[in-house]
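Structure file coords-v6.txt with compact mmCIF, C-alpha atoms:
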```
# COMPACT_ATOMS: atom_id res chain seq x y z
CA MET E 4 28.26 -130.50 103.30
CA MET E 5 31.86 -129.22 103.31
CA ILE E 6 34.20 -127.73 105.91
CA THR E 7 36.81 -124.99 105.40
CA MET E 8 40.58 -125.52 105.26
CA SER E 9 43.38 -123.65 107.04
CA THR E 10 46.01 -123.91 104.28
CA ASP E 11 46.08 -123.02 100.59
CA ARG E 12 44.99 -125.86 98.31
CA HIS E 13 44.05 -126.69 94.72
CA CYS E 14 40.50 -127.48 93.67
CA ALA E 15 40.25 -131.18 92.85
CA SER E 16 37.73 -130.47 90.09
CA CYS E 17 38.88 -127.38 88.19
CA LEU E 18 42.48 -127.57 89.54
CA LYS E 19 42.65 -123.85 90.28
CA SER E 20 44.65 -122.60 93.26
CA VAL E 21 42.35 -121.90 96.22
CA PRO E 22 43.30 -119.52 99.08
CA ALA E 23 42.88 -120.95 102.55
CA THR E 24 40.05 -118.53 103.28
CA GLN E 25 38.04 -119.91 100.36
CA ALA E 26 39.13 -123.57 100.34
CA LYS E 27 36.58 -126.21 101.32
CA VAL E 28 37.00 -129.95 101.79
CA CYS E 29 34.69 -132.92 101.65
CA SER E 30 33.07 -133.28 105.08
CA LYS E 31 33.26 -137.07 104.89
CA CYS E 32 36.93 -137.77 104.07
CA LYS E 33 38.14 -134.27 105.06
CA LEU E 34 40.84 -134.50 102.39
CA ARG E 35 39.54 -133.67 98.93
CA CYS E 36 39.41 -129.91 98.36
CA TYR E 37 37.13 -127.69 96.25
CA CYS E 38 36.77 -124.04 95.44
CA SER E 39 32.97 -124.19 95.42
CA GLN E 40 29.95 -126.42 95.91
CA THR E 41 29.52 -126.43 92.13
CA CYS E 42 32.91 -128.12 91.70
CA GLN E 43 32.17 -130.47 94.60
CA ARG E 44 28.88 -131.62 93.06
CA LYS E 45 30.54 -132.01 89.68
CA ASP E 46 33.34 -134.12 91.18
CA TRP E 47 31.00 -136.26 93.30
CA LYS E 48 28.95 -137.77 90.48
CA GLY E 49 31.11 -137.12 87.42
CA GLY E 50 34.79 -136.46 86.79
CA HIS E 51 36.67 -138.21 89.56
CA GLN E 52 33.43 -139.77 90.87
CA HIS E 53 34.48 -138.97 94.41
CA ARG E 54 31.48 -140.81 95.81
CA HIS E 55 33.29 -144.01 94.77
CA TRP E 56 36.73 -143.07 96.13
CA CYS E 57 35.76 -141.06 99.23
CA GLY E 58 37.24 -142.75 102.28
CA THR E 59 39.55 -145.04 100.31
CA THR E 60 43.31 -144.85 100.47
CA CYS E 61 44.41 -142.60 97.63
CA GLY E 62 46.57 -139.48 97.86
CA GLU E 63 45.33 -135.90 97.51
CA GLU E 64 47.16 -132.87 96.15
CA ASP E 65 48.73 -130.55 98.77
CA VAL E 66 48.19 -133.21 101.45
CA ASP E 67 50.03 -136.30 100.21
CA TRP E 68 51.85 -134.90 97.19
CA GLU E 69 52.38 -131.60 95.43
CA ILE E 70 53.39 -130.26 92.04
CA ARG E 71 56.44 -128.04 92.21
CA PRO E 72 59.60 -127.15 90.27
CA VAL E 73 62.24 -129.91 90.20
CA GLU E 74 65.80 -128.88 89.46
CA GLY E 75 66.77 -129.57 85.87
CA LYS E 76 63.35 -130.98 84.93
CA GLY E 77 60.79 -128.21 85.15
CA MET E 78 57.66 -129.17 87.09
CA GLY E 79 57.34 -132.49 88.88
CA VAL E 80 55.30 -134.40 91.47
CA VAL E 81 56.89 -134.64 94.94
CA ALA E 82 55.74 -136.74 97.89
CA LEU E 83 54.71 -134.85 101.03
CA ARG E 84 54.63 -138.02 103.13
CA GLU E 85 55.91 -141.58 102.96
CA PHE E 86 54.10 -143.93 100.59
CA GLN E 87 54.31 -147.68 101.07
CA ALA E 88 54.83 -150.08 98.16
CA LYS E 89 51.53 -150.72 96.29
CA GLU E 90 49.86 -147.72 97.95
CA ARG E 91 47.71 -145.57 95.67
CA ILE E 92 49.27 -142.14 95.22
CA MET E 93 46.77 -140.57 92.88
CA VAL E 94 43.45 -141.46 91.26
CA GLU E 95 42.64 -139.13 88.38
CA ALA E 96 39.90 -138.82 85.80
CA PRO E 97 41.00 -138.10 82.21
CA CYS E 98 40.18 -134.56 81.17
CA GLY E 99 38.48 -133.40 78.00
CA MET E 100 40.53 -132.01 75.15
CA ASP E 101 38.94 -128.61 75.78
CA HIS E 102 40.23 -128.34 79.36
CA ASP E 103 42.13 -125.08 79.94
CA GLY E 104 44.76 -126.97 81.92
CA ILE E 105 46.13 -128.61 78.77
CA GLN E 106 47.52 -125.22 77.77
CA THR E 107 49.89 -125.32 80.77
CA LEU E 108 51.58 -128.53 79.60
CA MET E 109 54.75 -128.87 77.55
CA PRO E 110 55.70 -127.93 74.90
CA HIS E 111 54.99 -124.35 75.99
CA HIS E 112 54.36 -122.98 72.52
CA GLY E 113 53.00 -126.16 71.00
CA SER E 114 49.52 -126.81 69.67
CA ILE E 115 46.90 -128.79 71.59
CA GLU E 116 47.77 -131.76 69.39
CA ASP E 117 51.47 -131.40 70.29
CA LYS E 118 50.68 -131.25 74.01
CA VAL E 119 48.40 -134.28 73.84
CA ALA E 120 50.98 -136.29 71.89
CA LEU E 121 53.71 -135.46 74.42
CA ASN E 122 51.71 -135.91 77.64
CA SER E 123 49.10 -138.59 76.95
CA LEU E 124 49.06 -141.80 78.98
CA GLY E 125 47.93 -145.19 77.74
CA CYS E 126 44.50 -146.49 78.76
CA GLY E 127 44.36 -149.89 77.12
CA HIS E 128 41.79 -150.49 74.39
CA ASN E 129 39.46 -147.64 75.36
CA LEU E 130 37.83 -146.79 72.03
CA THR E 131 36.49 -143.45 73.26
CA THR E 132 40.03 -142.13 73.74
CA ASN E 133 41.88 -144.04 71.00
CA GLY E 134 43.87 -145.81 73.68
CA HIS E 135 45.35 -142.64 75.19
CA THR E 136 44.19 -139.95 77.57
CA ILE E 137 45.33 -136.79 79.32
CA CYS E 138 45.51 -136.65 83.12
CA LEU E 139 46.70 -133.17 84.01
CA ARG E 140 48.20 -134.01 87.41
CA MET E 141 49.70 -137.35 86.48
CA ALA E 142 51.21 -135.77 83.36
CA ARG E 143 53.50 -133.80 85.69
CA CYS E 144 55.33 -136.97 86.73
CA ASN E 145 58.81 -137.03 85.22
CA HIS E 146 60.55 -140.02 83.66
CA ASP E 147 62.92 -142.48 85.28
CA CYS E 148 64.12 -145.73 83.69
CA ASN E 149 63.71 -147.34 87.13
CA PRO E 150 60.64 -145.45 88.39
CA ASN E 151 59.22 -145.52 91.89
CA ALA E 152 55.62 -145.44 90.62
CA SER E 153 53.47 -146.92 87.84
CA HIS E 154 50.06 -146.10 86.41
CA PHE E 155 47.11 -148.22 85.33
CA TYR E 156 43.82 -147.46 83.58
CA ASP E 157 40.80 -149.09 85.21
CA HIS E 158 38.00 -149.68 82.71
CA ALA E 159 35.39 -150.25 85.43
CA THR E 160 35.77 -146.76 86.91
CA GLY E 161 37.35 -144.94 83.96
CA MET E 162 40.15 -143.73 86.23
CA LYS E 163 43.92 -143.60 85.93
CA ILE E 164 45.52 -144.99 89.10
CA LEU E 165 49.09 -144.09 90.10
CA PHE E 166 50.62 -146.36 92.73
CA ALA E 167 53.97 -146.73 94.47
CA GLU E 168 56.26 -149.50 93.23
CA ARG E 169 58.36 -149.31 96.39
CA VAL E 170 58.60 -147.13 99.48
CA ILE E 171 58.67 -143.44 98.51
CA ASN E 172 59.97 -141.07 101.18
CA ALA E 173 58.63 -137.62 101.95
CA GLY E 174 60.42 -135.10 99.74
CA GLU E 175 61.20 -137.69 97.06
CA GLU E 176 60.15 -137.02 93.48
CA ILE E 177 57.50 -139.40 92.17
CA SER E 178 58.53 -140.78 88.77
CA ILE E 179 57.10 -143.03 86.07
CA ALA E 180 58.62 -144.65 82.99
CA TYR E 181 57.71 -142.98 79.68
CA ALA E 182 59.37 -145.91 77.88
CA LYS E 183 60.71 -149.19 79.29
CA VAL E 184 63.71 -151.30 78.31
CA TRP E 185 62.61 -154.75 77.07
CA ASN E 186 58.96 -154.25 78.00
CA PRO E 187 56.99 -157.36 76.89
CA ASP E 188 54.16 -155.19 75.52
CA ASN E 189 56.50 -153.03 73.44
CA PRO E 190 60.01 -154.54 73.35
CA LEU E 191 62.67 -151.86 72.94
CA SER E 192 66.39 -152.38 73.37
CA PRO E 193 68.29 -150.00 75.68
CA GLN E 194 69.52 -148.07 72.65
CA GLN E 195 66.01 -147.82 71.16
CA THR E 196 64.60 -146.71 74.51
CA ARG E 197 67.19 -143.94 74.91
CA SER E 198 66.63 -142.84 71.33
CA LEU E 199 62.86 -142.60 71.85
CA LEU E 200 63.31 -140.65 75.08
CA GLN E 201 65.66 -138.22 73.35
CA ILE E 202 63.57 -137.72 70.22
CA LYS E 203 60.10 -137.47 71.79
CA TRP E 204 60.77 -135.95 75.22
CA ASN E 205 64.29 -134.49 74.85
CA ILE E 206 65.47 -136.68 77.73
CA THR E 207 69.10 -137.81 77.87
CA CYS E 208 69.73 -140.66 80.29
CA PRO E 209 72.74 -139.94 82.54
CA ASP E 210 75.85 -142.09 82.46
CA ASP E 211 74.84 -143.89 85.64
CA CYS E 212 71.26 -144.66 84.48
CA CYS E 213 70.19 -148.27 84.92
CA CYS E 214 69.45 -148.48 81.19
CA ARG E 215 73.23 -148.33 80.63
CA ASP E 216 73.90 -151.17 83.08
CA GLU E 217 74.46 -154.32 81.02
CA ALA E 218 73.54 -156.73 83.82
CA TRP E 219 70.28 -154.86 84.57
CA CYS E 220 69.31 -154.79 80.89
CA ARG E 221 70.22 -158.44 80.43
CA GLY E 222 67.97 -159.40 83.34
CA ARG E 223 65.06 -157.51 81.79
CA ARG E 224 65.67 -159.16 78.41
CA GLU E 225 65.73 -162.63 79.97
CA LEU E 226 62.41 -162.03 81.74
CA MET E 227 60.84 -160.64 78.58
CA ASP E 228 61.92 -163.82 76.79
CA MET E 229 60.38 -165.91 79.57
CA ASP E 230 57.11 -164.00 79.23
CA ARG E 231 57.10 -164.73 75.50
CA ASP E 232 57.89 -168.41 76.11
CA VAL E 233 54.94 -168.77 78.50
CA LEU E 234 52.55 -167.50 75.84
CA GLN E 235 54.08 -169.63 73.11
CA LEU E 236 54.00 -172.81 75.20
CA GLY E 237 50.39 -172.15 76.13
CA SER E 238 49.37 -171.58 72.52
CA MET E 239 51.01 -174.90 71.62
CA GLY E 240 49.06 -176.77 74.32
CA GLU E 241 52.17 -177.24 76.47
CA CYS E 242 50.38 -175.79 79.50
CA ARG E 243 52.29 -177.81 82.11
CA LYS E 244 55.60 -176.45 80.81
CA ALA E 245 54.05 -172.98 80.58
CA PHE E 246 52.90 -173.21 84.22
CA TYR E 247 56.37 -174.02 85.55
CA LYS E 248 57.94 -171.40 83.31
CA ALA E 249 55.48 -168.81 84.66
CA LYS E 250 56.34 -169.83 88.24
CA ARG E 251 60.05 -169.32 87.54
CA MET E 252 59.26 -165.98 85.92
CA LEU E 253 57.28 -164.86 88.97
CA GLN E 254 60.12 -165.86 91.29
CA ALA E 255 62.53 -163.87 89.12
CA TYR E 256 60.25 -160.82 89.20
CA GLU E 257 60.18 -160.97 93.00
CA THR E 258 63.98 -161.07 93.30
CA THR E 259 64.99 -158.76 90.44
CA PRO E 260 64.75 -154.99 91.08
CA GLY E 261 63.10 -152.67 88.59
CA PHE E 262 59.97 -154.64 87.74
CA SER E 263 56.44 -153.42 88.22
CA TRP E 264 53.72 -154.96 90.35
CA LEU E 265 51.80 -155.02 87.07
CA ASP E 266 54.38 -157.47 85.70
CA LYS E 267 53.94 -159.63 88.80
CA GLU E 268 50.16 -159.45 88.45
CA ARG E 269 50.37 -160.82 84.92
CA ALA E 270 52.80 -163.57 85.97
CA MET E 271 50.48 -164.66 88.80
CA TYR E 272 47.55 -164.83 86.41
CA ASP E 273 49.63 -166.83 83.91
CA CYS E 274 50.45 -169.32 86.67
CA PHE E 275 46.73 -169.73 87.29
CA GLN E 276 45.47 -169.90 83.71
CA MET E 277 48.22 -172.23 82.52
CA GLY E 278 48.10 -174.46 85.59
CA ILE E 279 44.34 -175.10 85.57
CA ALA E 280 44.50 -176.53 82.06
CA GLN E 281 45.80 -179.88 83.32
CA ARG E 282 44.78 -181.99 86.30
CA SER E 283 48.42 -182.57 87.26
CA THR E 284 48.96 -178.86 87.98
CA LEU E 285 45.41 -177.85 88.93
CA LYS E 286 45.88 -177.95 92.70
CA ALA E 287 49.13 -175.97 92.51
CA ALA E 288 47.53 -173.35 90.25
CA ILE E 289 44.50 -172.44 92.39
CA PRO E 290 46.43 -170.43 95.05
CA PHE E 291 47.62 -168.03 92.35
CA ILE E 292 44.10 -166.73 91.68
CA HIS E 293 43.90 -165.88 95.39
CA LYS E 294 47.22 -164.04 95.19
CA VAL E 295 46.40 -162.07 92.05
CA TYR E 296 42.96 -161.12 93.38
CA ASN E 297 44.43 -159.79 96.62
CA LEU E 298 47.04 -157.83 94.67
CA ALA E 299 44.42 -156.29 92.37
CA VAL E 300 42.31 -155.21 95.36
CA GLU E 301 45.36 -153.64 96.97
CA LEU E 302 46.40 -151.78 93.84
CA PHE E 303 43.08 -150.89 92.22
CA THR E 304 40.26 -151.53 94.81
CA ALA E 305 37.72 -154.37 94.91
CA ASP E 306 35.48 -152.63 92.36
CA SER E 307 38.16 -152.41 89.66
CA ALA E 308 37.77 -154.35 86.43
CA SER E 309 40.77 -156.55 87.25
CA ALA E 310 39.60 -157.38 90.77
CA LEU E 311 36.08 -158.19 89.58
CA LYS E 312 37.47 -160.51 86.91
CA TYR E 313 39.71 -162.33 89.39
CA ARG E 314 36.93 -162.55 91.96
CA ARG E 315 34.67 -164.36 89.46
CA LEU E 316 37.45 -166.86 88.80
CA LEU E 317 38.16 -167.19 92.50
CA GLU E 318 34.54 -168.11 93.13
CA ASP E 319 34.28 -170.37 90.08
CA PRO E 320 37.62 -171.49 88.57
CA LYS E 321 35.73 -173.78 86.21
CA SER E 322 34.37 -170.73 84.37
CA HIS E 323 37.81 -170.08 82.86
CA ARG E 324 38.05 -171.41 79.31
CA ASN E 325 41.33 -173.19 80.17
CA TYR E 326 39.88 -175.24 83.03
CA LEU E 327 41.02 -178.85 82.40
CA LEU E 328 41.26 -177.98 78.73
CA ILE E 329 43.88 -180.69 78.31
CA GLY E 330 42.80 -182.80 81.25
CA ALA E 331 45.72 -185.16 81.88
```

Give the structure from the file, written as structure tokens.
Amino acid sequence: MMITMSTDRHCASCLKSVPATQAKVCSKCKLRCYCSQTCQRKDWKGGHQHRHWCGTTCGEEDVDWEIRPVEGKGMGVVALREFQAKERIMVEAPCGMDHDGIQTLMPHHGSIEDKVALNSLGCGHNLTTNGHTICLRMARCNHDCNPNASHFYDHATGMKILFAERVINAGEEISIAYAKVWNPDNPLSPQQTRSLLQIKWNITCPDDCCCRDEAWCRGRRELMDMDRDVLQLGSMGECRKAFYKAKRMLQAYETTPGFSWLDKERAMYDCFQMGIAQRSTLKAAIPFIHKVYNLAVELFTADSASALKYRRLLEDPKSHRNYLLIGA
């Protein structure tokens, strides 16, 4: 059952503009909009799988955010209300390569392959998508070297989740980072990052961009080095040193601007998995699995792959392969 809307919307399934006289919304959450019952049924069980997300906190187009022209950037995603840090802005299902909406993406006169290469978002080691996917709404987010939002692919639901890194005010553009300075997963120097942005997306960072701030870049480099050290110490069996290094890294993440909650999630988990390897740090390590589980639930929901993994370890820390691996 659906109820009609009083304002123009976009169909959450086919993404077409829907006049107010024809727009319908889910009768349960009264937020998600459709152009027809066919699109509603399609979205309920497949696509977005709205039956899973209905009633949860995640933004909807034309209610919480909208896609509109942004001066000097083309189209962009703009907040229609205030989002709190860690709040889900958008949950989107990847579209098929035959979706008509791909034709609307940049470059305007490019091939489908060109549009996919320019607009695809990473989705981990998903073999069905070769590690990348297209999300037509999320693809409208523009770049910022210090973005106010980040995205994450959840393997359990097959959804891309966009969440706020900090408070985003109504009227503020929602941005993500296309490339990051000194990212542990793909370490690029500031110069390499700016070069990639220019070559691939034709983006020139302004003179006052954080990627040109030496102190900001140095702080990112130091934390990337700490992340590397934690892994190296752990691989060498120096888990006690790795645990304390991970704790210092987490403290630095919490006091240094510009880092993602995803970075903090990884640091919390490192504190847990390194600390449980030895009896001397076991007690201090256990609280971190509580913290990382709560963070994953807040960011991705309790049914996400990350939250389910952390919940299993929360209930049975001994199931982790590192548990008292060294013992002393």

Exercise. Got a sec to check which residues sit within 12 Å of (59.0, -162.6, 92.9), counting all atoms listed in the file, and write them as a count of residues only?
Worked result: 24

For this session: Do a neighbour search on Glu95 of chain E at 12 Å with all atoms listed in the file, toss out local chain neighbours closer than 6 positions, and write the hits as number ranges by chain.
Result: E: 15-16, 18, 46, 49-53, 56, 61-64, 124, 136-142, 154-157, 160-166

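Distances from E:Arg71, E:Asn205, E:Arg231, E:Val170 to Asp188 of chain E were compared using all atoms listed in the file, and the smallest one belongs to E:Arg231.
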
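Closest approach to Gln281 of chain E among E:Leu328, E:Ala245, E:Ala310, E:Val21: E:Leu328, based on only C-alpha atoms.
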
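Atom pair atom CA of Pro22 of chain E / atom CA of Tyr37 of chain E: separated by 10.6 Å.
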
Since the input is missing atoms, can you rebuild N, CA and C atoms for segment 204-234 of chain E and write them as a PDB file, in the frame of the given file?
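Output (selection_32.pdb):
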```pdb
ATOM      1  N   TRP E 204      60.877-136.766  74.004  1.00  0.00           N
ATOM      2  CA  TRP E 204      60.770-135.950  75.220  1.00  0.00           C
ATOM      3  C   TRP E 204      62.026-135.135  75.522  1.00  0.00           C
ATOM      4  N   ASN E 205      63.035-135.222  74.652  1.00  0.00           N
ATOM      5  CA  ASN E 205      64.290-134.490  74.850  1.00  0.00           C
ATOM      6  C   ASN E 205      64.952-134.867  76.172  1.00  0.00           C
ATOM      7  N   ILE E 206      64.879-136.163  76.502  1.00  0.00           N
ATOM      8  CA  ILE E 206      65.470-136.680  77.730  1.00  0.00           C
ATOM      9  C   ILE E 206      66.744-137.447  77.372  1.00  0.00           C
ATOM     10  N   THR E 207      67.838-137.097  78.030  1.00  0.00           N
ATOM     11  CA  THR E 207      69.100-137.810  77.870  1.00  0.00           C
ATOM     12  C   THR E 207      69.405-138.552  79.151  1.00  0.00           C
ATOM     13  N   CYS E 208      69.449-139.873  79.090  1.00  0.00           N
ATOM     14  CA  CYS E 208      69.730-140.660  80.290  1.00  0.00           C
ATOM     15  C   CYS E 208      71.165-140.415  80.746  1.00  0.00           C
ATOM     16  N   PRO E 209      71.374-140.188  82.041  1.00  0.00           N
ATOM     17  CA  PRO E 209      72.740-139.940  82.540  1.00  0.00           C
ATOM     18  C   PRO E 209      73.609-141.181  82.428  1.00  0.00           C
ATOM     19  N   ASP E 210      74.901-140.990  82.602  1.00  0.00           N
ATOM     20  CA  ASP E 210      75.850-142.090  82.460  1.00  0.00           C
ATOM     21  C   ASP E 210      75.604-143.216  83.457  1.00  0.00           C
ATOM     22  N   ASP E 211      75.061-142.868  84.626  1.00  0.00           N
ATOM     23  CA  ASP E 211      74.840-143.890  85.640  1.00  0.00           C
ATOM     24  C   ASP E 211      73.414-144.430  85.630  1.00  0.00           C
ATOM     25  N   CYS E 212      72.642-144.159  84.573  1.00  0.00           N
ATOM     26  CA  CYS E 212      71.260-144.660  84.480  1.00  0.00           C
ATOM     27  C   CYS E 212      71.267-146.176  84.366  1.00  0.00           C
ATOM     28  N   CYS E 213      70.269-146.810  84.953  1.00  0.00           N
ATOM     29  CA  CYS E 213      70.190-148.270  84.920  1.00  0.00           C
ATOM     30  C   CYS E 213      70.095-148.806  83.504  1.00  0.00           C
ATOM     31  N   CYS E 214      69.578-147.999  82.564  1.00  0.00           N
ATOM     32  CA  CYS E 214      69.450-148.480  81.190  1.00  0.00           C
ATOM     33  C   CYS E 214      70.806-148.632  80.508  1.00  0.00           C
ATOM     34  N   ARG E 215      71.880-148.155  81.159  1.00  0.00           N
ATOM     35  CA  ARG E 215      73.230-148.330  80.630  1.00  0.00           C
ATOM     36  C   ARG E 215      73.985-149.438  81.374  1.00  0.00           C
ATOM     37  N   ASP E 216      73.310-150.075  82.320  1.00  0.00           N
ATOM     38  CA  ASP E 216      73.900-151.170  83.080  1.00  0.00           C
ATOM     39  C   ASP E 216      73.621-152.478  82.341  1.00  0.00           C
ATOM     40  N   GLU E 217      74.646-153.122  81.847  1.00  0.00           N
ATOM     41  CA  GLU E 217      74.460-154.320  81.020  1.00  0.00           C
ATOM     42  C   GLU E 217      73.771-155.449  81.777  1.00  0.00           C
ATOM     43  N   ALA E 218      74.135-155.648  83.042  1.00  0.00           N
ATOM     44  CA  ALA E 218      73.540-156.730  83.820  1.00  0.00           C
ATOM     45  C   ALA E 218      72.045-156.466  84.048  1.00  0.00           C
ATOM     46  N   TRP E 219      71.689-155.222  84.343  1.00  0.00           N
ATOM     47  CA  TRP E 219      70.280-154.860  84.570  1.00  0.00           C
ATOM     48  C   TRP E 219      69.470-155.073  83.301  1.00  0.00           C
ATOM     49  N   CYS E 220      70.016-154.626  82.178  1.00  0.00           N
ATOM     50  CA  CYS E 220      69.310-154.790  80.890  1.00  0.00           C
ATOM     51  C   CYS E 220      69.208-156.254  80.496  1.00  0.00           C
ATOM     52  N   ARG E 221      70.253-157.019  80.765  1.00  0.00           N
ATOM     53  CA  ARG E 221      70.220-158.440  80.430  1.00  0.00           C
ATOM     54  C   ARG E 221      69.144-159.161  81.241  1.00  0.00           C
ATOM     55  N   GLY E 222      69.007-158.798  82.513  1.00  0.00           N
ATOM     56  CA  GLY E 222      67.970-159.400  83.340  1.00  0.00           C
ATOM     57  C   GLY E 222      66.576-159.095  82.823  1.00  0.00           C
ATOM     58  N   ARG E 223      66.368-157.876  82.353  1.00  0.00           N
ATOM     59  CA  ARG E 223      65.060-157.510  81.790  1.00  0.00           C
ATOM     60  C   ARG E 223      64.800-158.282  80.492  1.00  0.00           C
ATOM     61  N   ARG E 224      65.829-158.444  79.674  1.00  0.00           N
ATOM     62  CA  ARG E 224      65.670-159.160  78.410  1.00  0.00           C
ATOM     63  C   ARG E 224      65.323-160.636  78.680  1.00  0.00           C
ATOM     64  N   GLU E 225      65.990-161.225  79.665  1.00  0.00           N
ATOM     65  CA  GLU E 225      65.730-162.630  79.970  1.00  0.00           C
ATOM     66  C   GLU E 225      64.292-162.827  80.444  1.00  0.00           C
ATOM     67  N   LEU E 226      63.786-161.902  81.252  1.00  0.00           N
ATOM     68  CA  LEU E 226      62.410-162.030  81.740  1.00  0.00           C
ATOM     69  C   LEU E 226      61.400-161.750  80.635  1.00  0.00           C
ATOM     70  N   MET E 227      61.723-160.857  79.721  1.00  0.00           N
ATOM     71  CA  MET E 227      60.840-160.640  78.580  1.00  0.00           C
ATOM     72  C   MET E 227      60.754-161.904  77.725  1.00  0.00           C
ATOM     73  N   ASP E 228      61.900-162.573  77.557  1.00  0.00           N
ATOM     74  CA  ASP E 228      61.920-163.820  76.790  1.00  0.00           C
ATOM     75  C   ASP E 228      61.100-164.909  77.496  1.00  0.00           C
ATOM     76  N   MET E 229      61.166-164.936  78.819  1.00  0.00           N
ATOM     77  CA  MET E 229      60.380-165.910  79.570  1.00  0.00           C
ATOM     78  C   MET E 229      58.887-165.640  79.403  1.00  0.00           C
ATOM     79  N   ASP E 230      58.513-164.374  79.428  1.00  0.00           N
ATOM     80  CA  ASP E 230      57.110-164.000  79.230  1.00  0.00           C
ATOM     81  C   ASP E 230      56.621-164.468  77.862  1.00  0.00           C
ATOM     82  N   ARG E 231      57.446-164.275  76.854  1.00  0.00           N
ATOM     83  CA  ARG E 231      57.100-164.730  75.500  1.00  0.00           C
ATOM     84  C   ARG E 231      56.988-166.243  75.442  1.00  0.00           C
ATOM     85  N   ASP E 232      57.906-166.942  76.113  1.00  0.00           N
ATOM     86  CA  ASP E 232      57.890-168.410  76.110  1.00  0.00           C
ATOM     87  C   ASP E 232      56.625-168.965  76.748  1.00  0.00           C
ATOM     88  N   VAL E 233      56.160-168.318  77.831  1.00  0.00           N
ATOM     89  CA  VAL E 233      54.940-168.770  78.500  1.00  0.00           C
ATOM     90  C   VAL E 233      53.767-168.737  77.528  1.00  0.00           C
ATOM     91  N   LEU E 234      53.648-167.635  76.799  1.00  0.00           N
ATOM     92  CA  LEU E 234      52.550-167.500  75.840  1.00  0.00           C
ATOM     93  C   LEU E 234      52.678-168.495  74.703  1.00  0.00           C
TER      94      LEU E 234
END
```
